[in-house]
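Participant: Dropping a structure here in structure tokens format, bear with me for questions.
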Amino acid sequence: MMQSSPLNARRAILWIGRLVLGGIFVYAGFSKLLMPNTHLWPMFMLKFSVSMNIASFAQQVQSYKIISAEASQVVAHTLPFVEIVLGLLLLIGWRLRIWATAITAIMVGFLAAVTRAYLLHMDINCGCFGTPEKLTGMTVVRDSAFTALALLMTIFAFREAREPHPWTKPERA
Amino acid sequence: MREDRVNRPRATAGTILLCLLSAFAVLVARATPQAEGVTDIDPHKAFGSKNAPVTMEVFSDFQCPACKTLFTSTNRQLMDNYVSTGKVYLIHRDFPLPMHAYSRIAARYARAAAQIGKFEPVEQALFQNQEKWEQTGDVDGTVAGVLSAAEMAKVRALVKGGTLDAAIDKDSALGQIYRVSQTPTTVFHSKGQTYPFAGVMTYDMLKQFLDQLLSQK
């Protein structure tokens with residue numbers, strides 16, 4: 001008879017990683033689209049709110065002075081949706097290895113950007129979530145912690161697939 | 001059990017959907033506009049007809065780069081196409097952020113200039129030369145560049161008088177009521193409804209929005 005495997009350290013990290021990073025990615029994507037401007041009705045108000053939020057986010061992306069204004073617009077119009085989709089996929093747990101790798105790659109990118117801005121003493125907002133938040137040393141520490149968690153989750157997702165817990169192995173007739 | 005394992009992804013997806021719907025409901029509740037009357041208007045810092053169908057209050061900080069962008073990209077066309085034509089009543093509000101060393105001083109000078117009927121040239125000079133005076137702190141010199149000696153003497157006297165801070169604080173307090181958390185924030189009033197919007201907008205975006213607001217029945 002098939003049974004659930006016990007919660008070991010590897011599985012605990014996988015669960016924590018999925019819940020924490022999945023939740024944060026979904027929140028980050030939604031907040032970029034719907035905060036701080038949250039007029040959802042009538043439709044033209046919603047459209048204007050989202051346009052305003054994306055325009056503000058594009059400015060924040062551009063303030064890092066890594067990519068051009070046009071590229072910042074592309075990032076601002078795509079990143080929130082990518083974050084929501086990846087966050088949901090991580091929470092659902094389907095094809096975990098692929099999406100965990102994608103999230104780790106994005107987190108490494110975020111960490112590189114905030115670390116560079118911090119080391120250059122750039123006086124900017126981090127643009128991590130919808131509401132304005134000044135980029136400080138704490139932002140770097142927080143992003144480092146999330147990147148480490150994403151990395152561990154990805155490694156463990158691959159290990160879990162290669163060496164499943166004995167209890168979860170399919171029964172032989 | 002096998003059945004339990006098969007249903008787990010569905011249960012997870014259901015929980016996620018429920019969480020998303022709850023978050024959406026919270027946002028809708030937060031976003032419900034409330035009708036508010038526009039009060040404490042300094043006539044020297046307000047433009048257009050008081051009877052215009054749309055009133056715009058712009059909470060701004062002279063040292064904030066985004067406020068400069070909003071001003072330079074929208075102000076002229078907004079004044080020509082909506083304020084002068086009686087469609088929009090535009091009110092400038094001070095919201096100097098504590099993180100900016102000279103924004104309150106700049107607000108004092110702009111308000112003093114407004115009292116002698118010279119708000120527009122001073123506002124323009126402050127935004128256009130923002131990068132210069134934020135380095136040196138020479139707000140006085142920037143304002144002096146666009147006023148005559150006699151006007152500048154009046155402005156300096158008003159600034160030294162120390163009575164302007166109360167009006168600036170009143171604007172900031174009003175901003176708190178609208179939950180202004182960043183500059184620029186524009187508060188639109190139309191048909192008894194109030195819509196605060198934070199951030200920079202292009203003139204095209206603003207035009208589309210104002211046209212929709214004006215055509216609303």
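By order of appearance in the structure tokens: chains A, B, ..., then residues from 1 within every chain, and ligands from 1 in the order shown.
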Skipping near chain neighbours, those fewer than 6 positions away, what residues fall within 9 Å of Asp140 of chain B using only C-alpha atoms, listed as a PyMOL selection string?

Facilitator: chain B and resi 105-106+109+152+156

Participant: Create the file for the chosen residues now, containing C-alpha atoms and written as a PDB file, in the first residue's frame.

Facilitator:
```pdb
ATOM      1  CA  ILE B 105      12.938  75.108   1.944  1.00  0.00           C
ATOM      2  CA  ALA B 106      11.946  74.901  -1.728  1.00  0.00           C
ATOM      3  CA  TYR B 109      10.020  79.696  -1.439  1.00  0.00           C
ATOM      4  CA  MET B 152      12.710  88.544  -4.421  1.00  0.00           C
ATOM      5  CA  ARG B 156      12.629  86.497   1.276  1.00  0.00           C
TER       6      ARG B 156
END
```

Participant: Any idea what's packed within 7 Å of segment 67-78 of chain B, counting only C-alpha atoms, ignoring anything in its chain fewer than 2 positions away? Could you give it as a PDB file with C-alpha atoms, in the first residue's frame?

Facilitator:
```pdb
ATOM      1  CA  SER B  60       4.519  66.975  -4.900  1.00  0.00           C
ATOM      2  CA  ASP B  61       8.036  67.421  -3.515  1.00  0.00           C
ATOM      3  CA  PHE B  62      10.328  69.844  -5.341  1.00  0.00           C
ATOM      4  CA  CYS B  64      11.800  64.423  -5.951  1.00  0.00           C
ATOM      5  CA  PRO B  65      12.999  63.384  -9.459  1.00  0.00           C
ATOM      6  CA  ASP B  80      -3.339  74.364 -22.137  1.00  0.00           C
ATOM      7  CA  ASN B  81      -5.806  71.578 -22.938  1.00  0.00           C
ATOM      8  CA  TYR B  82      -7.718  70.974 -19.720  1.00  0.00           C
ATOM      9  CA  VAL B  83      -7.152  73.756 -17.149  1.00  0.00           C
ATOM     10  CA  PHE B 127      11.980  71.717 -11.157  1.00  0.00           C
ATOM     11  CA  THR B 183       5.445  61.594  -4.487  1.00  0.00           C
ATOM     12  CA  PRO B 184       4.044  62.512  -6.864  1.00  0.00           C
ATOM     13  CA  VAL B 200       4.461  59.301 -12.718  1.00  0.00           C
ATOM     14  CA  MET B 201       2.167  59.320 -15.706  1.00  0.00           C
ATOM     15  CA  THR B 202       2.797  60.391 -19.271  1.00  0.00           C
ATOM     16  CA  TYR B 203       0.606  63.047 -20.809  1.00  0.00           C
TER      17      TYR B 203
END
```

Participant: So which one's closest to chain B, A:Pro164, A:Gly109, A:Gly93, A:Gly127? Using only C-alpha atoms, please.

Facilitator: A:Gly93

Participant: Please identify all polymer residues within 12 Å of Val108 of chain A, counting only C-alpha atoms, omitting same-chain residues fewer than 2 positions from it, and present them as a PDB file with C-alpha atoms, in the first residue's frame.

Facilitator:
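Final output, saved to around-v9.pdb:
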```pdb
ATOM      1  CA  THR A 101      15.550  26.371 -11.405  1.00  0.00           C
ATOM      2  CA  ALA A 102      13.819  29.287 -13.130  1.00  0.00           C
ATOM      3  CA  ILE A 103      13.062  30.983  -9.793  1.00  0.00           C
ATOM      4  CA  THR A 104      16.644  30.464  -8.632  1.00  0.00           C
ATOM      5  CA  ALA A 105      17.944  32.063 -11.837  1.00  0.00           C
ATOM      6  CA  ILE A 106      15.620  35.061 -11.343  1.00  0.00           C
ATOM      7  CA  PHE A 110      17.672  40.179  -8.433  1.00  0.00           C
ATOM      8  CA  LEU A 111      20.473  39.639  -5.901  1.00  0.00           C
ATOM      9  CA  ALA A 112      23.129  40.774  -8.383  1.00  0.00           C
ATOM     10  CA  ALA A 113      21.132  43.928  -9.197  1.00  0.00           C
ATOM     11  CA  VAL A 114      20.435  44.964  -5.576  1.00  0.00           C
ATOM     12  CA  THR A 115      24.003  44.151  -4.459  1.00  0.00           C
ATOM     13  CA  VAL A 140      20.622  42.635   0.152  1.00  0.00           C
ATOM     14  CA  ASP A 143      17.504  38.724  -1.161  1.00  0.00           C
ATOM     15  CA  SER A 144      20.560  36.649  -0.179  1.00  0.00           C
ATOM     16  CA  ALA A 145      18.404  34.566   2.176  1.00  0.00           C
ATOM     17  CA  PHE A 146      15.748  34.003  -0.509  1.00  0.00           C
ATOM     18  CA  THR A 147      18.391  33.125  -3.106  1.00  0.00           C
ATOM     19  CA  ALA A 148      19.979  30.609  -0.712  1.00  0.00           C
ATOM     20  CA  LEU A 149      16.558  29.092  -0.068  1.00  0.00           C
ATOM     21  CA  ALA A 150      15.830  28.914  -3.804  1.00  0.00           C
ATOM     22  CA  LEU A 151      19.189  27.282  -4.456  1.00  0.00           C
TER      23      LEU A 151
END
```

Participant: Run DSSP on the backbone of this structure and report the residues of segment 13-158 of chain B it assigns to strand (DSSP E), as a CSV table (one decimal) with C-alpha atoms, in the first residue's frame.

Facilitator:
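Result written to result30.csv:
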```csv
chain,number,residue,atom,x,y,z
B,46,ALA,CA,-4.8,76.6,-7.8
B,47,PHE,CA,-5.5,77.0,-11.5
B,54,VAL,CA,-12.7,67.3,-12.6
B,55,THR,CA,-10.5,68.5,-9.7
B,56,MET,CA,-6.9,67.4,-9.6
B,57,GLU,CA,-4.7,67.8,-6.5
B,58,VAL,CA,-1.1,67.1,-7.1
B,59,PHE,CA,1.0,66.2,-4.0
B,60,SER,CA,4.5,67.0,-4.9
B,88,VAL,CA,-9.9,70.6,-14.8
B,89,TYR,CA,-9.3,72.6,-11.6
B,90,LEU,CA,-5.6,72.0,-10.8
B,91,ILE,CA,-4.4,72.4,-7.2
B,92,HIS,CA,-0.7,72.1,-6.2
B,93,ARG,CA,-0.1,70.6,-2.8
B,94,ASP,CA,3.1,70.5,-0.8
```

Participant: Taking only C-alpha atoms into account, which of B:Ala173, B:Met99, B:Val187, B:Ala113 comes nearest Lys134 of chain A?

Facilitator: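 The shortest atom-to-atom distance to Lys134 of chain A comes from B:Met99.
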
Participant: Thr78 of chain A: which residues within 12 Å, counting only C-alpha atoms, same-chain residues fewer than 3 positions away excluded, as a list in words?

Facilitator: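 Neighbouring residues, sequence-local ones excluded: Gly29, Lys32, Leu33, Ile54, Phe57, Ala58, Ala71, Ser72, Gln73, Val74, Val75, Phe81, Val82, Glu83, Ile84 and Val85 of chain A.
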
Participant: Separation of atom CA of Asp165 of chain B and atom CA of Arg108 of chain B, in Å?

Facilitator: 7.0 Å

Participant: Need the shell around Asn125 of chain A: protein/DNA/RNA residues with any atom at most 12 Å away, counting only C-alpha atoms. Skip same-chain ones fewer than 5 positions apart. Format as a PyMOL selection string?

Facilitator: (chain A and resi 56-64+114+117-118+130-136+139) or (chain B and resi 66+182)

Participant: Can I get the selection written as a CSV table (one decimal), in the first residue's frame, with N, CA and C atoms?

Facilitator:
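Final output, saved to out12.csv:
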```csv
chain,number,residue,atom,x,y,z
A,56,SER,N,5.3,53.2,-13.0
A,56,SER,CA,6.1,53.4,-11.8
A,56,SER,C,7.2,52.3,-11.7
A,57,PHE,N,6.8,51.1,-11.9
A,57,PHE,CA,7.7,50.0,-11.8
A,57,PHE,C,8.8,50.1,-12.9
A,58,ALA,N,8.5,50.5,-14.1
A,58,ALA,CA,9.4,50.7,-15.2
A,58,ALA,C,10.5,51.8,-14.7
A,59,GLN,N,10.0,52.8,-14.1
A,59,GLN,CA,10.9,53.9,-13.6
A,59,GLN,C,11.9,53.3,-12.5
A,60,GLN,N,11.4,52.4,-11.7
A,60,GLN,CA,12.2,51.8,-10.7
A,60,GLN,C,13.3,50.9,-11.3
A,61,VAL,N,12.8,50.1,-12.3
A,61,VAL,CA,13.8,49.3,-13.0
A,61,VAL,C,14.9,50.1,-13.7
A,62,GLN,N,14.5,51.2,-14.3
A,62,GLN,CA,15.4,52.1,-15.0
A,62,GLN,C,16.4,52.8,-14.0
A,63,SER,N,15.9,53.0,-12.8
A,63,SER,CA,16.7,53.7,-11.8
A,63,SER,C,18.0,52.9,-11.4
A,64,TYR,N,17.9,51.5,-11.7
A,64,TYR,CA,19.1,50.7,-11.4
A,64,TYR,C,20.3,51.0,-12.4
A,114,VAL,N,20.5,44.2,-6.8
A,114,VAL,CA,20.4,45.0,-5.6
A,114,VAL,C,21.8,45.1,-4.9
A,117,ALA,N,23.6,47.9,-6.8
A,117,ALA,CA,23.1,49.2,-6.4
A,117,ALA,C,23.5,49.6,-5.0
A,118,TYR,N,23.6,48.6,-4.1
A,118,TYR,CA,24.0,48.9,-2.7
A,118,TYR,C,25.4,49.3,-2.7
A,130,GLY,N,5.2,46.3,-4.8
A,130,GLY,CA,4.5,47.4,-5.4
A,130,GLY,C,4.7,48.7,-4.7
A,131,THR,N,4.8,48.7,-3.3
A,131,THR,CA,4.9,49.9,-2.6
A,131,THR,C,6.4,50.3,-2.5
A,132,PRO,N,6.6,51.7,-2.4
A,132,PRO,CA,8.0,52.1,-2.4
A,132,PRO,C,8.8,51.6,-1.2
A,133,GLU,N,10.0,51.1,-1.4
A,133,GLU,CA,10.8,50.6,-0.4
A,133,GLU,C,12.3,50.9,-0.7
A,134,LYS,N,12.9,51.7,0.2
A,134,LYS,CA,14.3,52.1,-0.1
A,134,LYS,C,15.2,50.9,-0.1
A,135,LEU,N,16.2,50.9,-1.0
A,135,LEU,CA,17.1,49.8,-1.1
A,135,LEU,C,18.2,50.0,0.0
A,136,THR,N,18.3,49.1,0.9
A,136,THR,CA,19.3,49.2,2.0
A,136,THR,C,20.1,47.9,2.1
A,139,THR,N,17.9,44.9,2.3
A,139,THR,CA,17.4,44.4,1.1
A,139,THR,C,18.3,43.3,0.5
B,66,ALA,N,10.9,62.1,-9.6
B,66,ALA,CA,9.7,61.7,-10.3
B,66,ALA,C,8.7,62.8,-10.4
B,182,GLN,N,4.0,58.2,-1.4
B,182,GLN,CA,5.1,58.6,-2.3
B,182,GLN,C,4.7,59.8,-3.1
```

Participant: Taking only C-alpha atoms into account, report as a ChimeraX atom specification which residues of chain A lie within 9 Å of chain B.

Facilitator: /A:1-4,34-41,44-45,48-49,51-53,55-56,59,88,91-94,131-132

Participant: Only N, CA and C atoms, please: the residues just picked out, written as a PDB file, in the first residue's frame.

Facilitator:
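Just written: again_13.pdb:
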```pdb
ATOM      1  N   MET A   1       0.845  -1.199   0.000  1.00  0.00           N
ATOM      2  CA  MET A   1       0.000   0.000   0.000  1.00  0.00           C
ATOM      3  C   MET A   1       0.883   1.252   0.000  1.00  0.00           C
ATOM      4  N   MET A   2       0.477   2.218  -0.787  1.00  0.00           N
ATOM      5  CA  MET A   2       1.216   3.479  -0.901  1.00  0.00           C
ATOM      6  C   MET A   2       0.989   4.347   0.331  1.00  0.00           C
ATOM      7  N   GLN A   3       2.052   4.943   0.859  1.00  0.00           N
ATOM      8  CA  GLN A   3       1.893   5.836   2.004  1.00  0.00           C
ATOM      9  C   GLN A   3       2.734   7.085   1.805  1.00  0.00           C
ATOM     10  N   SER A   4       2.326   8.124   2.494  1.00  0.00           N
ATOM     11  CA  SER A   4       3.121   9.347   2.434  1.00  0.00           C
ATOM     12  C   SER A   4       4.441   9.110   3.147  1.00  0.00           C
ATOM     13  N   LEU A  34      -1.092  45.787  -8.870  1.00  0.00           N
ATOM     14  CA  LEU A  34      -2.278  46.351  -8.195  1.00  0.00           C
ATOM     15  C   LEU A  34      -1.988  47.272  -7.019  1.00  0.00           C
ATOM     16  N   MET A  35      -0.727  47.544  -6.737  1.00  0.00           N
ATOM     17  CA  MET A  35      -0.407  48.449  -5.632  1.00  0.00           C
ATOM     18  C   MET A  35       0.649  49.436  -6.093  1.00  0.00           C
ATOM     19  N   PRO A  36       0.699  50.650  -5.636  1.00  0.00           N
ATOM     20  CA  PRO A  36      -0.171  51.231  -4.612  1.00  0.00           C
ATOM     21  C   PRO A  36      -1.513  51.712  -5.170  1.00  0.00           C
ATOM     22  N   ASN A  37      -1.670  51.701  -6.496  1.00  0.00           N
ATOM     23  CA  ASN A  37      -2.941  52.153  -7.078  1.00  0.00           C
ATOM     24  C   ASN A  37      -3.888  50.965  -7.193  1.00  0.00           C
ATOM     25  N   THR A  38      -4.961  50.992  -6.430  1.00  0.00           N
ATOM     26  CA  THR A  38      -5.806  49.797  -6.327  1.00  0.00           C
ATOM     27  C   THR A  38      -7.264  50.081  -6.690  1.00  0.00           C
ATOM     28  N   HIS A  39      -7.472  50.944  -7.667  1.00  0.00           N
ATOM     29  CA  HIS A  39      -8.857  51.188  -8.095  1.00  0.00           C
ATOM     30  C   HIS A  39      -9.250  50.111  -9.091  1.00  0.00           C
ATOM     31  N   LEU A  40     -10.136  49.248  -8.687  1.00  0.00           N
ATOM     32  CA  LEU A  40     -10.453  48.086  -9.516  1.00  0.00           C
ATOM     33  C   LEU A  40     -11.763  48.223 -10.281  1.00  0.00           C
ATOM     34  N   TRP A  41     -12.475  49.313 -10.052  1.00  0.00           N
ATOM     35  CA  TRP A  41     -13.757  49.464 -10.720  1.00  0.00           C
ATOM     36  C   TRP A  41     -14.093  50.945 -10.863  1.00  0.00           C
ATOM     37  N   PHE A  44     -12.194  51.327 -16.642  1.00  0.00           N
ATOM     38  CA  PHE A  44     -11.150  52.278 -17.055  1.00  0.00           C
ATOM     39  C   PHE A  44     -10.275  52.702 -15.877  1.00  0.00           C
ATOM     40  N   MET A  45     -10.828  52.625 -14.651  1.00  0.00           N
ATOM     41  CA  MET A  45     -10.033  52.919 -13.449  1.00  0.00           C
ATOM     42  C   MET A  45      -8.990  51.816 -13.239  1.00  0.00           C
ATOM     43  N   PHE A  48      -6.288  52.176 -15.788  1.00  0.00           N
ATOM     44  CA  PHE A  48      -5.397  53.287 -15.463  1.00  0.00           C
ATOM     45  C   PHE A  48      -4.509  52.929 -14.260  1.00  0.00           C
ATOM     46  N   SER A  49      -5.097  52.259 -13.254  1.00  0.00           N
ATOM     47  CA  SER A  49      -4.321  51.844 -12.070  1.00  0.00           C
ATOM     48  C   SER A  49      -3.148  50.962 -12.483  1.00  0.00           C
ATOM     49  N   SER A  51      -1.821  50.606 -15.457  1.00  0.00           N
ATOM     50  CA  SER A  51      -0.884  51.362 -16.297  1.00  0.00           C
ATOM     51  C   SER A  51       0.044  52.213 -15.441  1.00  0.00           C
ATOM     52  N   MET A  52      -0.538  52.869 -14.420  1.00  0.00           N
ATOM     53  CA  MET A  52       0.255  53.715 -13.516  1.00  0.00           C
ATOM     54  C   MET A  52       1.278  52.871 -12.757  1.00  0.00           C
ATOM     55  N   ASN A  53       0.822  51.721 -12.261  1.00  0.00           N
ATOM     56  CA  ASN A  53       1.717  50.863 -11.477  1.00  0.00           C
ATOM     57  C   ASN A  53       2.861  50.340 -12.342  1.00  0.00           C
ATOM     58  N   ALA A  55       4.011  51.772 -15.062  1.00  0.00           N
ATOM     59  CA  ALA A  55       4.880  52.913 -15.395  1.00  0.00           C
ATOM     60  C   ALA A  55       5.827  53.224 -14.231  1.00  0.00           C
ATOM     61  N   SER A  56       5.295  53.171 -13.001  1.00  0.00           N
ATOM     62  CA  SER A  56       6.143  53.424 -11.826  1.00  0.00           C
ATOM     63  C   SER A  56       7.204  52.339 -11.689  1.00  0.00           C
ATOM     64  N   GLN A  59      10.012  52.828 -14.068  1.00  0.00           N
ATOM     65  CA  GLN A  59      10.935  53.870 -13.576  1.00  0.00           C
ATOM     66  C   GLN A  59      11.904  53.295 -12.548  1.00  0.00           C
ATOM     67  N   LEU A  88       2.824  30.563  -8.730  1.00  0.00           N
ATOM     68  CA  LEU A  88       1.713  29.594  -8.689  1.00  0.00           C
ATOM     69  C   LEU A  88       2.212  28.187  -9.015  1.00  0.00           C
ATOM     70  N   LEU A  91       3.906  26.814  -6.033  1.00  0.00           N
ATOM     71  CA  LEU A  91       2.955  26.431  -4.980  1.00  0.00           C
ATOM     72  C   LEU A  91       2.255  25.126  -5.332  1.00  0.00           C
ATOM     73  N   ILE A  92       1.901  24.973  -6.594  1.00  0.00           N
ATOM     74  CA  ILE A  92       1.219  23.744  -7.021  1.00  0.00           C
ATOM     75  C   ILE A  92       2.194  22.558  -6.987  1.00  0.00           C
ATOM     76  N   GLY A  93       3.448  22.828  -7.302  1.00  0.00           N
ATOM     77  CA  GLY A  93       4.464  21.782  -7.212  1.00  0.00           C
ATOM     78  C   GLY A  93       4.606  20.922  -8.455  1.00  0.00           C
ATOM     79  N   TRP A  94       4.003  21.354  -9.531  1.00  0.00           N
ATOM     80  CA  TRP A  94       4.073  20.602 -10.790  1.00  0.00           C
ATOM     81  C   TRP A  94       5.399  20.913 -11.508  1.00  0.00           C
ATOM     82  N   THR A 131       4.788  48.672  -3.341  1.00  0.00           N
ATOM     83  CA  THR A 131       4.919  49.904  -2.565  1.00  0.00           C
ATOM     84  C   THR A 131       6.390  50.337  -2.513  1.00  0.00           C
ATOM     85  N   PRO A 132       6.636  51.666  -2.426  1.00  0.00           N
ATOM     86  CA  PRO A 132       8.028  52.117  -2.417  1.00  0.00           C
ATOM     87  C   PRO A 132       8.798  51.614  -1.206  1.00  0.00           C
TER      88      PRO A 132
END
```

Participant: Of the candidates A:Leu96, A:Met43, A:Ala76, A:Val141, which one gets nearest to Phe156 of chain A if we count only C-alpha atoms?

Facilitator: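 Using only C-alpha atoms, Phe156 of chain A sits closest to A:Leu96.
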